[in-house]
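Presented below is the structure to which this report refers.
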Amino acid sequence: MFVGNLKETIQLGSDFARGLNPKSVILLHGPIGAGKTSFVQGIAIGLSISEDITSPTFALSHHYNSGTIPLIHMDLYRLENSLMAKEFFISEEEEAIQNEAIMVIEWPELIKPCLNNFWKIEISYATNFGRNYKIWDPKNLLTFE
């Protein structure tokens, strides 16, 4: 699926959010600057979250509770090894389960082996402008391309 600009990225995230359930886990893959956090901003709009959504690169996670479903937005880019990433993920996952929150994880490569039920989204740069999205559902079926 091709997305041409920031507005379309946010709209795609908002539309995507409407199909999510509490406790959904979304893994976002893509290079720096691909628009992962912008997509999460769209998810937040779709969940009626009122807070500003910012990248959790330095905080590692941000929690948003004002919407129809709580959202935990994680960014594992700065973690150096899989043990640290898995321990952090497990602590956040416990809270997500308790609050029936949706988890969105940027840079999930270090924790993927401990997950078995998740949405997977790959974002890549398109040839001249925009982004290409590939979205797999939790049954690992390519849903959108």
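Chains: A, B, ... in order of the structure tokens. Residues: from 1 per chain. Ligands: from 1, in order shown.
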Write out as a CSV table (one decimal) with N, CA and C atoms, in the first residue's frame each polymer residue whose atoms come within 9 Å of Arg78 (chain A), counting only C-alpha atoms; drop sequence neighbours fewer than 6 positions from it.
chain,number,residue,atom,x,y,z
A,57,THR,N,11.8,7.4,22.0
A,57,THR,CA,13.1,7.0,21.8
A,57,THR,C,14.0,7.0,23.1
A,58,PHE,N,13.9,8.1,23.8
A,58,PHE,CA,14.7,8.3,25.0
A,58,PHE,C,14.0,7.8,26.3
A,60,LEU,N,11.8,5.3,26.2
A,60,LEU,CA,11.6,3.9,25.9
A,60,LEU,C,10.1,3.6,25.8
For region 73-130 of chain A versus region 12-22 of chain A, which residues have an atom no more than 8 Å away, and what is each residue's nearest atom pair and distance in Å rounded to one decimal, using only C-alpha atoms, chain-then-number order, as a tab-separated table?
residue	atom	partner	partner_atom	distance
A:Glu100	CA	A:Pro22	CA	5.0
A:Ala101	CA	A:Pro22	CA	5.3
A:Ile102	CA	A:Pro22	CA	5.5
Enumerate the residues of chain A with a DSSP assignment of strand (DSSP E), computed from the backbone, and present them as a PyMOL selection string.
chain A and resi 2-3+25-29+61-64+71-75+102-106+119-125+131-136+142-144
Shortest interatomic distance to Lys134 (chain A) - which of A:Tyr64, A:Leu83, A:His29, A:Asn5, counting only C-alpha atoms:
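Using only C-alpha atoms, Lys134 (chain A) sits closest to A:His29.
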Using the chain letters and numbers from this document, which residues of region 3-32 of chain A does DSSP assign to helix (DSSP H, G or I), as a list in words?
Leu6, Lys7, Glu8, Thr9, Ile10, Gln11, Leu12, Gly13, Ser14, Asp15, Phe16 and Ala17 of chain A
Using only C-alpha atoms: which of A:Gly35, A:Gln98, A:Leu71, A:Gln11 has the shortest distance to Ser50 (chain A):
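Smallest separation from Ser50 (chain A) among the options: A:Leu71.
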Contacts of Thr9 (chain A) at 10 Å (only C-alpha atoms; same-chain gap of 5+ positions) as a PyMOL selection string
chain A and resi 2-4+14-15+35-43+130-131+133
Can you write just those residues out, N, CA, C and O atoms, as a compact mmCIF listing (two decimals), in the first residue's frame?
# COMPACT_ATOMS: atom_id res chain seq x y z
N PHE A 2 0.66 2.14 -0.91
CA PHE A 2 1.44 3.36 -1.01
C PHE A 2 0.78 4.48 -0.22
O PHE A 2 -0.43 4.67 -0.29
N VAL A 3 1.59 5.22 0.54
CA VAL A 3 1.14 6.39 1.28
C VAL A 3 2.00 7.55 0.84
O VAL A 3 3.23 7.48 0.91
N GLY A 4 1.37 8.63 0.37
CA GLY A 4 2.11 9.70 -0.27
C GLY A 4 2.64 10.79 0.63
O GLY A 4 3.59 11.48 0.27
N SER A 14 -5.09 5.96 11.71
CA SER A 14 -6.42 6.13 12.30
C SER A 14 -7.37 5.05 11.82
O SER A 14 -8.11 4.44 12.61
N ASP A 15 -7.37 4.79 10.51
CA ASP A 15 -8.22 3.73 9.96
C ASP A 15 -7.83 2.37 10.52
O ASP A 15 -8.68 1.54 10.84
N GLY A 35 8.44 7.14 9.34
CA GLY A 35 7.10 7.57 9.72
C GLY A 35 6.42 6.67 10.73
O GLY A 35 5.20 6.69 10.86
N LYS A 36 7.20 5.90 11.48
CA LYS A 36 6.61 4.99 12.47
C LYS A 36 5.82 5.76 13.53
O LYS A 36 4.67 5.43 13.81
N THR A 37 6.41 6.81 14.08
CA THR A 37 5.71 7.58 15.10
C THR A 37 4.52 8.32 14.50
O THR A 37 3.47 8.43 15.15
N SER A 38 4.61 8.77 13.28
CA SER A 38 3.46 9.41 12.62
C SER A 38 2.31 8.43 12.47
O SER A 38 1.14 8.78 12.66
N PHE A 39 2.63 7.19 12.15
CA PHE A 39 1.59 6.15 12.06
C PHE A 39 0.93 5.95 13.43
O PHE A 39 -0.28 5.82 13.53
N VAL A 40 1.73 5.97 14.50
CA VAL A 40 1.20 5.83 15.86
C VAL A 40 0.34 7.03 16.21
O VAL A 40 -0.69 6.89 16.88
N GLN A 41 0.69 8.21 15.73
CA GLN A 41 -0.17 9.38 15.94
C GLN A 41 -1.54 9.15 15.33
O GLN A 41 -2.56 9.51 15.91
N GLY A 42 -1.56 8.51 14.18
CA GLY A 42 -2.83 8.16 13.55
C GLY A 42 -3.61 7.15 14.36
O GLY A 42 -4.83 7.26 14.52
N ILE A 43 -2.92 6.14 14.89
CA ILE A 43 -3.58 5.16 15.75
C ILE A 43 -4.23 5.87 16.93
O ILE A 43 -5.38 5.60 17.28
N GLY A 130 7.10 9.41 -0.60
CA GLY A 130 6.10 8.58 0.06
C GLY A 130 6.68 7.32 0.67
O GLY A 130 7.90 7.12 0.71
N ARG A 131 5.78 6.48 1.15
CA ARG A 131 6.16 5.24 1.82
C ARG A 131 5.32 4.08 1.31
O ARG A 131 4.17 4.25 0.91
N TYR A 133 3.69 0.45 2.59
CA TYR A 133 3.31 -0.29 3.80
C TYR A 133 2.96 -1.71 3.43
O TYR A 133 2.27 -1.95 2.42
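All residues of protein, DNA or RNA that reach within 10 Å of Trp136 (chain A), judged by only C-alpha atoms and not counting those fewer than 4 positions away in the chain, are A:Ile26, A:Leu27, A:Phe118, A:Trp119, A:Lys120, A:Ile121, A:Glu122, A:Asn140, A:Leu141, A:Leu142, A:Thr143, A:Phe144, A:Glu145.
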For the selection just defined, write its residues with C-alpha atoms to a file, as a PDB file, in the first residue's frame.
ATOM      1  CA  ILE A  26       1.650  -4.055  16.724  1.00  0.00           C
ATOM      2  CA  LEU A  27       5.290  -4.369  15.655  1.00  0.00           C
ATOM      3  CA  PHE A 118       0.911  -9.674  16.794  1.00  0.00           C
ATOM      4  CA  TRP A 119       0.302  -7.353  13.872  1.00  0.00           C
ATOM      5  CA  LYS A 120       3.425  -6.739  11.812  1.00  0.00           C
ATOM      6  CA  ILE A 121       3.844  -3.572   9.782  1.00  0.00           C
ATOM      7  CA  GLU A 122       6.787  -2.907   7.489  1.00  0.00           C
ATOM      8  CA  ASN A 140       0.622 -13.861   9.783  1.00  0.00           C
ATOM      9  CA  LEU A 141      -1.446 -13.269   6.667  1.00  0.00           C
ATOM     10  CA  LEU A 142      -0.388 -10.390   4.433  1.00  0.00           C
ATOM     11  CA  THR A 143      -3.442  -8.149   4.799  1.00  0.00           C
ATOM     12  CA  PHE A 144      -2.380  -5.012   2.892  1.00  0.00           C
ATOM     13  CA  GLU A 145       0.431  -4.372   0.479  1.00  0.00           C
TER      14      GLU A 145
END
Need to verify the contact set: Lys86 (chain A), 8 Å, only C-alpha atoms, exclusion of same-chain residues closer than 3 positions in sequence. Can you return it as a list in words?
Ser82, Leu83, Phe89, Ile90, Leu110, Ile111 and Cys114 of chain A
May I have the selected residues written with all heavy atoms, as a PDB file, in the first residue's frame?
ATOM      1  N   SER A  82      19.128  -8.275  23.538  1.00  0.00           N
ATOM      2  CA  SER A  82      17.799  -8.868  23.600  1.00  0.00           C
ATOM      3  C   SER A  82      17.330  -9.117  25.031  1.00  0.00           C
ATOM      4  O   SER A  82      16.141  -9.019  25.309  1.00  0.00           O
ATOM      5  CB  SER A  82      17.738 -10.153  22.779  1.00  0.00           C
ATOM      6  OG  SER A  82      18.640 -11.102  23.288  1.00  0.00           O
ATOM      7  N   LEU A  83      18.224  -9.402  25.934  1.00  0.00           N
ATOM      8  CA  LEU A  83      17.816  -9.629  27.327  1.00  0.00           C
ATOM      9  C   LEU A  83      17.205  -8.360  27.920  1.00  0.00           C
ATOM     10  O   LEU A  83      16.136  -8.403  28.530  1.00  0.00           O
ATOM     11  CB  LEU A  83      18.993 -10.108  28.173  1.00  0.00           C
ATOM     12  CG  LEU A  83      18.679 -10.386  29.648  1.00  0.00           C
ATOM     13  CD1 LEU A  83      17.602 -11.469  29.774  1.00  0.00           C
ATOM     14  CD2 LEU A  83      19.938 -10.794  30.392  1.00  0.00           C
ATOM     15  N   PHE A  89      10.158  -5.330  27.761  1.00  0.00           N
ATOM     16  CA  PHE A  89       8.894  -5.694  27.124  1.00  0.00           C
ATOM     17  C   PHE A  89       7.978  -6.420  28.104  1.00  0.00           C
ATOM     18  O   PHE A  89       6.787  -6.115  28.190  1.00  0.00           O
ATOM     19  CB  PHE A  89       9.139  -6.563  25.885  1.00  0.00           C
ATOM     20  CG  PHE A  89       7.879  -7.168  25.356  1.00  0.00           C
ATOM     21  CD1 PHE A  89       6.980  -6.402  24.635  1.00  0.00           C
ATOM     22  CD2 PHE A  89       7.570  -8.501  25.602  1.00  0.00           C
ATOM     23  CE1 PHE A  89       5.799  -6.952  24.159  1.00  0.00           C
ATOM     24  CE2 PHE A  89       6.401  -9.052  25.138  1.00  0.00           C
ATOM     25  CZ  PHE A  89       5.509  -8.275  24.410  1.00  0.00           C
ATOM     26  N   ILE A  90       8.495  -7.376  28.848  1.00  0.00           N
ATOM     27  CA  ILE A  90       7.667  -8.157  29.776  1.00  0.00           C
ATOM     28  C   ILE A  90       7.027  -7.251  30.822  1.00  0.00           C
ATOM     29  O   ILE A  90       5.841  -7.397  31.138  1.00  0.00           O
ATOM     30  CB  ILE A  90       8.482  -9.296  30.415  1.00  0.00           C
ATOM     31  CG1 ILE A  90       8.761 -10.371  29.353  1.00  0.00           C
ATOM     32  CG2 ILE A  90       7.757  -9.890  31.620  1.00  0.00           C
ATOM     33  CD1 ILE A  90       9.786 -11.405  29.762  1.00  0.00           C
ATOM     34  N   LEU A 110      14.584  -7.139  18.662  1.00  0.00           N
ATOM     35  CA  LEU A 110      15.194  -7.852  19.786  1.00  0.00           C
ATOM     36  C   LEU A 110      14.202  -8.678  20.606  1.00  0.00           C
ATOM     37  O   LEU A 110      14.611  -9.532  21.387  1.00  0.00           O
ATOM     38  CB  LEU A 110      15.913  -6.871  20.722  1.00  0.00           C
ATOM     39  CG  LEU A 110      17.144  -6.180  20.148  1.00  0.00           C
ATOM     40  CD1 LEU A 110      17.672  -5.143  21.130  1.00  0.00           C
ATOM     41  CD2 LEU A 110      18.221  -7.189  19.815  1.00  0.00           C
ATOM     42  N   ILE A 111      12.906  -8.434  20.453  1.00  0.00           N
ATOM     43  CA  ILE A 111      11.920  -9.157  21.271  1.00  0.00           C
ATOM     44  C   ILE A 111      11.030 -10.082  20.467  1.00  0.00           C
ATOM     45  O   ILE A 111      10.301 -10.873  21.042  1.00  0.00           O
ATOM     46  CB  ILE A 111      11.015  -8.194  22.072  1.00  0.00           C
ATOM     47  CG1 ILE A 111      10.209  -7.314  21.127  1.00  0.00           C
ATOM     48  CG2 ILE A 111      11.816  -7.396  23.061  1.00  0.00           C
ATOM     49  CD1 ILE A 111       8.989  -6.724  21.749  1.00  0.00           C
ATOM     50  N   CYS A 114       9.932 -13.715  21.458  1.00  0.00           N
ATOM     51  CA  CYS A 114       9.080 -13.999  22.624  1.00  0.00           C
ATOM     52  C   CYS A 114       7.616 -13.669  22.355  1.00  0.00           C
ATOM     53  O   CYS A 114       6.777 -13.806  23.238  1.00  0.00           O
ATOM     54  CB  CYS A 114       9.595 -13.282  23.874  1.00  0.00           C
ATOM     55  SG  CYS A 114       9.431 -11.501  23.863  1.00  0.00           S
TER      56      CYS A 114
END
Counting only C-alpha atoms, which of A:Ala126, A:Met103, A:Val25, A:Ala34 gets nearest to His62 (chain A)?
A:Met103
Distance in Å - CA of Asn99 (chain A) versus CA of Pro56 (chain A):
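That distance, rounded to one decimal, is 19.5 Å.
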